[in-house]
Each structure stands twice: as structure tokens, then as C-alpha cells.
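Visitor: Sending over a structure as C-alpha cells; questions will come in a sec.
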Amino acid sequence: MEKENLGALRKFVVPEFVFGWGARTLLSQYAKNFAFRHPLLVSDAGVMEAGWAEDAASRLRVTNVPFSLFSRLSPNPRDHEVMEGAEFFDKEGCDSLVVVGGGSAIDTAKGIGIIISNGGHILDYEGVDKIPLPIPPLLCIPTTGSSADVSQFAIILNGAEKRKISIISKAIVPDVSLIDPETSSTMDPLLTAYTGMDVLSHAFESLVSNASSPITDLLALEAIRLLIKHLPPESGLSDVSSRERRSAMMLSSLQAGMAFSNASLGLIHAMSHSLGGLTDTPHGECHAILLEPVIAYNYEAAPRQYELIGEAMGLALGENPKETLLSFIGELKQRMGLKKRLSDLGIIRSDIPRLALGALMDPCLVTNPRQPTLLDVESLYERAL
Ligand SMILES: [Fe+2]
């Protein structure tokens, strides 16, 4: 089944990337190629503990390139952390950014780059195409599968308002990404499950997006097929460290990342950003809670796309494809141990208007196949309570 976007006018932008086991070892070579004089190495506590930041540092040392380390960032990075990072970049005389980590570290590095080139405050750049000047050279070594290393998105938490802002611009597409599945082998099962939910959400949202294209469809469908095929067959994620599984997950994340970066996202991410901003809940956990109500809401606006999703998952869709898809996603979540609802995060009914308002302000909503009202979004959050 084909979609009707064959002749749509679309631009497709991705960074240069090297994918494969051991890709991170090319850092020294790339540091030379890019003639880095003094990179800011951005990482976070968990990645440093796992040894991946030191691994990168040792590869910079062999090239005799001095570097400074910045790791004062939270799992949902705050605006003030970006501003402190930019100040540190200046103080240390840095000229480039090397980031080793998940979406939080990469988004922080993007934010630092924005301030270094454009000045002002990071919250000034919320929205689409608000960055006039290109950022300093940015090299990423992703460790989770957030796809921030190939995307034109950065998500930063407005700490005072407890609201996540989305910055979307081709100016923050990294210059190169060294995507090494081995770096994801230190992720624990729960983070792996959250990442899986994020990858699926990227693929779903790019497929039903109003800005999808045949190229992004191809990538998103293959990401779904690959991820579902390589998820552990039984409950739990005990076999998460196998090389084949890790490579498949990282590859599906890359494919979904290239898809969503160019087709953009939708209501799942808009509602997850608002929820994560208020509660500091991990991004993928927010998706797990919101995925089914949003798919149920969007389904009639993009039924053929959802059928393609079901087929990519290998489902026999039968008479009621919507119910088949939703019940499969429910089973998948059970299998991955993702059972929480909004009330488990401490959300009560009176929080919902604020959450819904935040979601409606999120630029990810622009490409959702159905434009919800405030009441619609409130009732979706209520269904997830
Ligand atoms: Fe995401």
C-alpha cells in the first residue's frame, strides 16, 4: 500500500555518520580531519561512570588536542545548564563540541553551540528556524539511541516554568556522528525499554506526519520492522547486551531518527514534552504512558499509515486493524515491563489543564495529522490517568 506523498516537495538533511561496532574509535581521525584546536567534551554522569567519556578523552589525548570536560547536566537538561556550559566553553577557549552521551548531553551541546554563535539566552530560540548563525563544529558519539545525534531537534527544560521547549532548526544538525552500538551495551534494561518506546514513537509520528515523504516513510517502516524483530522474545530484557540486538536497536534508532528529523513529530511528543517538563519523567517513559490514547485519537486521520505500521510490525490486521495495533502495543509494553499510568507519576486531575496547554504550545504539534483542541488534549491525558 502506498501513501499519497510521492511528489511532495521535501528537503532531507542528515549529518555525515559512520555506523557500526567500533565507530567511536574514529574520533581521533575526525578530530584531525576537522582540525579541532580545543573541543568542549560534553557528557553526563552516567556515561562517565560507564567509561565512555574517558574512552573519548583518551582518543583526543593521542592527537595532542587539548580539551575541556563539561558534565554538569541533568537527564532532562535545564536552560541554566546550557548557559553555564556556554560560559565554560568561552572561559576555556574552546572552538568545537564533542559530545558523548544520550539525548540530554547532545541537546545540551546543541544549546551551548547556539549560544556561542548567536548570544542571548537559550529560551529565546524556542520554535522552528529561530537560529540565524551556524553553531561551532559538533561531533556526536551517541550512547542510547535518542537520535539527537542526527536530528535538527533540541529539547531543553525551562526550569522556572517546568516546561520543555523544542528548538527545531537545520542549524543544529550535527556535523558528524560516530554511531557505535557497543556504547549502548551499558544501558540497563529499563533505559533500553524507554529507548525502544522513543524509537517507535519517532517512527510512528514521522509516518503519520503531514510533512512525511517517501524517503522518511521508507526509513520509519524499516525502523519499526527491525526493532520489533529484534526485541527480546520473552518478558524482560535480559538479553539486551547481545551484539546483534544492540546493533539492530541502534540501527533502527538511526533510521527512525533520520525519518523524524525530516518529517517532524506529532502529538505523542508534544504531550510527552509537557509531561516530562512538569514531572521530570524520562522521555521514553512518557511515551509509554501516552502512546495508545494518542494513536486511538489520531487513527481516523491517517488510517492507511497506521495499517502500514501494523504490517511493518508483522501483524495480521484482520477486520479491525486499529484494535489489533493497539492491543499489540499494549502487549509490547507489558513485555517490556512498562505499566505505569499518569497517576503513578503523581499527576492528579487538576494538573491536566496545565499539561494540555503546554502540549498545545509545542511545535511538534504542527505536523500531527489531526489538530486537537484544548479539550481533546485534556481528555487524552485523562485517559492515561
Ligand atoms: Fe523522542
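So you can find residues: chains in the C-alpha cells are A, B, ... in the order shown, residues in each start at 1, and ligands are numbered from 1 in order.
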Using DSSP on the backbone, list every residue of range 27-258 of chain A that comes out as alpha helix (DSSP H), and give them as number ranges by chain.

Guide: A: 27-33, 45-50, 52-61, 79-91, 103-118, 189-208, 214-230, 243-258

Visitor: Between chain A and ligand 1, at 12 Å or less, what are the per-residue closest atom pairs and their distances in Å? Count only C-alpha atoms and all ligand atoms, order by chain and rising residue number, and return it as a Markdown table.

Guide:
```
| residue | atom | partner | partner_atom_place_in_ligand_line | distance |
| --- | --- | --- | --- | --- |
| A:Gly102 | CA | ligand 1 | 1 (Fe) | 11.3 |
| A:Gly103 | CA | ligand 1 | 1 (Fe) | 8.7 |
| A:Ser104 | CA | ligand 1 | 1 (Fe) | 11.1 |
| A:Asp107 | CA | ligand 1 | 1 (Fe) | 11.7 |
| A:Thr144 | CA | ligand 1 | 1 (Fe) | 11.7 |
| A:Gly145 | CA | ligand 1 | 1 (Fe) | 9.6 |
| A:Ser146 | CA | ligand 1 | 1 (Fe) | 6.4 |
| A:Ser147 | CA | ligand 1 | 1 (Fe) | 7.9 |
| A:Ala148 | CA | ligand 1 | 1 (Fe) | 8.4 |
| A:Asp149 | CA | ligand 1 | 1 (Fe) | 11.9 |
| A:Ser151 | CA | ligand 1 | 1 (Fe) | 10.2 |
| A:Gln152 | CA | ligand 1 | 1 (Fe) | 11.9 |
| A:Phe153 | CA | ligand 1 | 1 (Fe) | 9.4 |
| A:Ala154 | CA | ligand 1 | 1 (Fe) | 10.1 |
| A:Ile155 | CA | ligand 1 | 1 (Fe) | 9.3 |
| A:Ser166 | CA | ligand 1 | 1 (Fe) | 11.1 |
| A:Tyr194 | CA | ligand 1 | 1 (Fe) | 10.0 |
| A:Thr195 | CA | ligand 1 | 1 (Fe) | 8.5 |
| A:Gly196 | CA | ligand 1 | 1 (Fe) | 10.1 |
| A:Met197 | CA | ligand 1 | 1 (Fe) | 8.6 |
| A:Asp198 | CA | ligand 1 | 1 (Fe) | 5.0 |
| A:Val199 | CA | ligand 1 | 1 (Fe) | 7.0 |
| A:Leu200 | CA | ligand 1 | 1 (Fe) | 9.0 |
| A:Ser201 | CA | ligand 1 | 1 (Fe) | 6.8 |
| A:His202 | CA | ligand 1 | 1 (Fe) | 6.0 |
| A:Ala203 | CA | ligand 1 | 1 (Fe) | 9.7 |
| A:Phe204 | CA | ligand 1 | 1 (Fe) | 11.0 |
| A:Glu205 | CA | ligand 1 | 1 (Fe) | 9.8 |
| A:Ser206 | CA | ligand 1 | 1 (Fe) | 11.1 |
| A:Ser253 | CA | ligand 1 | 1 (Fe) | 10.2 |
| A:Ala256 | CA | ligand 1 | 1 (Fe) | 9.8 |
| A:Gly257 | CA | ligand 1 | 1 (Fe) | 8.7 |
| A:Ala259 | CA | ligand 1 | 1 (Fe) | 11.8 |
| A:Phe260 | CA | ligand 1 | 1 (Fe) | 8.9 |
| A:Ser261 | CA | ligand 1 | 1 (Fe) | 10.1 |
| A:Ser264 | CA | ligand 1 | 1 (Fe) | 10.4 |
| A:Leu265 | CA | ligand 1 | 1 (Fe) | 8.5 |
| A:Gly266 | CA | ligand 1 | 1 (Fe) | 10.3 |
| A:Leu267 | CA | ligand 1 | 1 (Fe) | 11.4 |
| A:Ile268 | CA | ligand 1 | 1 (Fe) | 9.0 |
| A:His269 | CA | ligand 1 | 1 (Fe) | 6.4 |
| A:Ala270 | CA | ligand 1 | 1 (Fe) | 9.8 |
| A:Met271 | CA | ligand 1 | 1 (Fe) | 11.3 |
| A:Ser272 | CA | ligand 1 | 1 (Fe) | 8.7 |
| A:His273 | CA | ligand 1 | 1 (Fe) | 9.0 |
| A:Gly276 | CA | ligand 1 | 1 (Fe) | 11.4 |
| A:Pro282 | CA | ligand 1 | 1 (Fe) | 10.3 |
| A:His283 | CA | ligand 1 | 1 (Fe) | 6.7 |
| A:Gly284 | CA | ligand 1 | 1 (Fe) | 7.1 |
| A:Glu285 | CA | ligand 1 | 1 (Fe) | 10.5 |
| A:Cys286 | CA | ligand 1 | 1 (Fe) | 9.8 |
| A:His287 | CA | ligand 1 | 1 (Fe) | 8.3 |
| A:Ala288 | CA | ligand 1 | 1 (Fe) | 11.4 |
| A:Cys364 | CA | ligand 1 | 1 (Fe) | 10.5 |
```

Visitor: Using only C-alpha atoms, can you tell me which of A:Gly20, A:Pro132, A:Pro142, A:Pro15 comes closest to Ala56 in chain A?

Guide: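 Using only C-alpha atoms, the shortest distance to Ala56 in chain A belongs to A:Pro142.
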
Visitor: Give one line per residue of range 114-218 of chain A that approaches range 335-356 of chain A to at most 9 Å, naming the two atoms of the closest pair and their distance in Å to one decimal, counting only C-alpha atoms; sort by chain then ascending residue number and deliver it as a Markdown table.

Guide:
```
| residue | atom | partner | partner_atom | distance |
| --- | --- | --- | --- | --- |
| A:Pro189 | CA | A:Met336 | CA | 8.6 |
| A:Leu190 | CA | A:Met336 | CA | 8.0 |
| A:Ala193 | CA | A:Met336 | CA | 6.0 |
| A:Tyr194 | CA | A:Leu338 | CA | 8.5 |
```

Visitor: For the residues in the current selection, export C-alpha atoms as an mmCIF file, in the first residue's frame.

Guide:
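Output saved as out_2.cif:
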```
data_model
loop_
_atom_site.group_PDB
_atom_site.id
_atom_site.type_symbol
_atom_site.label_atom_id
_atom_site.label_comp_id
_atom_site.auth_asym_id
_atom_site.auth_seq_id
_atom_site.Cartn_x
_atom_site.Cartn_y
_atom_site.Cartn_z
ATOM 1 C CA PRO A 189 17.049 -2.887 30.706
ATOM 2 C CA LEU A 190 14.713 -0.082 31.737
ATOM 3 C CA ALA A 193 12.836 -0.191 27.083
ATOM 4 C CA TYR A 194 12.391 3.607 27.237
#
```

Visitor: Between range 210-323 of chain A and range 178-184 of chain A, at 6 Å or less, what are the per-residue closest atom pairs and their distances in Å? Count only C-alpha atoms, order by chain and rising residue number, and return it as CSV.

Guide:
```
residue,atom,partner,partner_atom,distance
A:Arg246,CA,A:Pro181,CA,5.8
A:Ser247,CA,A:Pro181,CA,5.1
A:Met250,CA,A:Pro181,CA,5.7
```

Visitor: Between CA of Glu54 in chain A and CA of Ile115 in chain A, what is the distance in Å, rounded to a tenth?

Guide: 26.1 Å

Visitor: Pick out the closest residue to Ala302 in chain A from this set: A:Leu123, A:Val100, A:Leu254, A:Glu4. Count only C-alpha atoms.

Guide: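 Once distances to Ala302 in chain A are computed over only C-alpha atoms, the minimum belongs to A:Glu4.
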
Visitor: Using only C-alpha atoms, which of A:Thr192, A:Asn210, A:Asn262, A:Ser185 sits nearest Ser242 in chain A?

Guide: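 Among the listed residues, the smallest separation from Ser242 in chain A belongs to A:Ser185.
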
Visitor: Give one line per residue of range 65-120 of chain A that approaches range 31-35 of chain A to at most 10 Å, naming the two atoms of the closest pair and their distance in Å to one decimal, counting only C-alpha atoms; sort by chain then ascending residue number and deliver it as CSV.

Guide:
```
residue,atom,partner,partner_atom,distance
A:Val65,CA,A:Ala31,CA,8.1
A:Asp95,CA,A:Ala35,CA,9.9
A:Ser96,CA,A:Phe34,CA,9.3
A:Val98,CA,A:Ala31,CA,9.0
```

Visitor: So which residues of range 32-248 of chain A fall under strand (DSSP E or B) by DSSP, listed as an MDAnalysis selection string?

Guide: chainID A and resid 39:42 68:70 78 96:101 127:128 138:142 153:158 163:168 176:179

Visitor: Can those selected residues be exported to a file as a short mmCIF file (atom, residue, chain, number, x, y, z; two decimals), in the first residue's frame so that it contains C-alpha atoms?

Guide:
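Heads up, here's the output in result.cif:
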```
data_model
loop_
_atom_site.label_atom_id
_atom_site.label_comp_id
_atom_site.auth_asym_id
_atom_site.auth_seq_id
_atom_site.Cartn_x
_atom_site.Cartn_y
_atom_site.Cartn_z
CA PRO A 39 36.90 20.89 21.87
CA LEU A 40 34.48 21.05 24.75
CA LEU A 41 33.81 17.41 25.64
CA VAL A 42 30.18 17.22 26.81
CA SER A 68 37.81 20.69 28.49
CA LEU A 69 35.11 18.50 30.05
CA PHE A 70 31.59 19.70 30.82
CA ARG A 78 17.86 22.70 32.11
CA SER A 96 34.29 22.93 18.84
CA LEU A 97 31.98 20.43 20.54
CA VAL A 98 32.46 16.70 21.04
CA VAL A 99 29.57 15.02 22.84
CA VAL A 100 29.42 11.51 24.23
CA GLY A 101 26.04 10.56 25.64
CA GLY A 127 10.34 27.17 17.90
CA VAL A 128 11.16 26.46 14.27
CA LEU A 138 29.65 19.39 16.55
CA LEU A 139 30.73 15.74 16.65
CA CYS A 140 28.49 13.22 18.42
CA ILE A 141 29.09 9.76 19.85
CA PRO A 142 25.56 8.69 20.87
CA PHE A 153 15.79 18.99 17.33
CA ALA A 154 16.98 20.05 20.80
CA ILE A 155 14.71 19.83 23.85
CA ILE A 156 15.60 21.99 26.83
CA LEU A 157 13.72 22.39 30.12
CA ASN A 158 12.63 25.88 31.11
CA ARG A 163 8.14 23.40 30.67
CA LYS A 164 10.22 21.78 27.95
CA ILE A 165 10.93 23.92 24.91
CA SER A 166 11.57 22.48 21.44
CA ILE A 167 14.23 24.08 19.29
CA ILE A 168 13.99 22.91 15.68
CA VAL A 176 29.27 14.11 12.12
CA SER A 177 28.00 11.26 14.24
CA LEU A 178 30.04 8.17 15.12
CA ILE A 179 27.27 5.70 15.90
#
```

Visitor: In terms of the shortest atom-to-atom distance over only C-alpha atoms, which of A:Phe17, A:Arg10, A:Gly22, A:Thr143 is closest to Ala53 in chain A?

Guide: A:Thr143

Visitor: As an exercise, work out the distance from CA of Ser213 in chain A to CA of Gly310 in chain A in Å and give it to one decimal place.

Guide: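 Rounded to one decimal, the two atoms are 18.7 Å apart.
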
Visitor: For Tyr125 in chain A, which residue out of A:Asn76, A:Ser169, A:Ser209, A:Ser274 is the nearest one, using only C-alpha atoms?

Guide: A:Ser169

Visitor: Of the residues A:Ile116, A:Ala248, A:Ile295, A:Leu290, which is the one nearest to Trp21 in chain A, using only C-alpha atoms?

Guide: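 Closest residue, counting only C-alpha atoms: A:Ala248.
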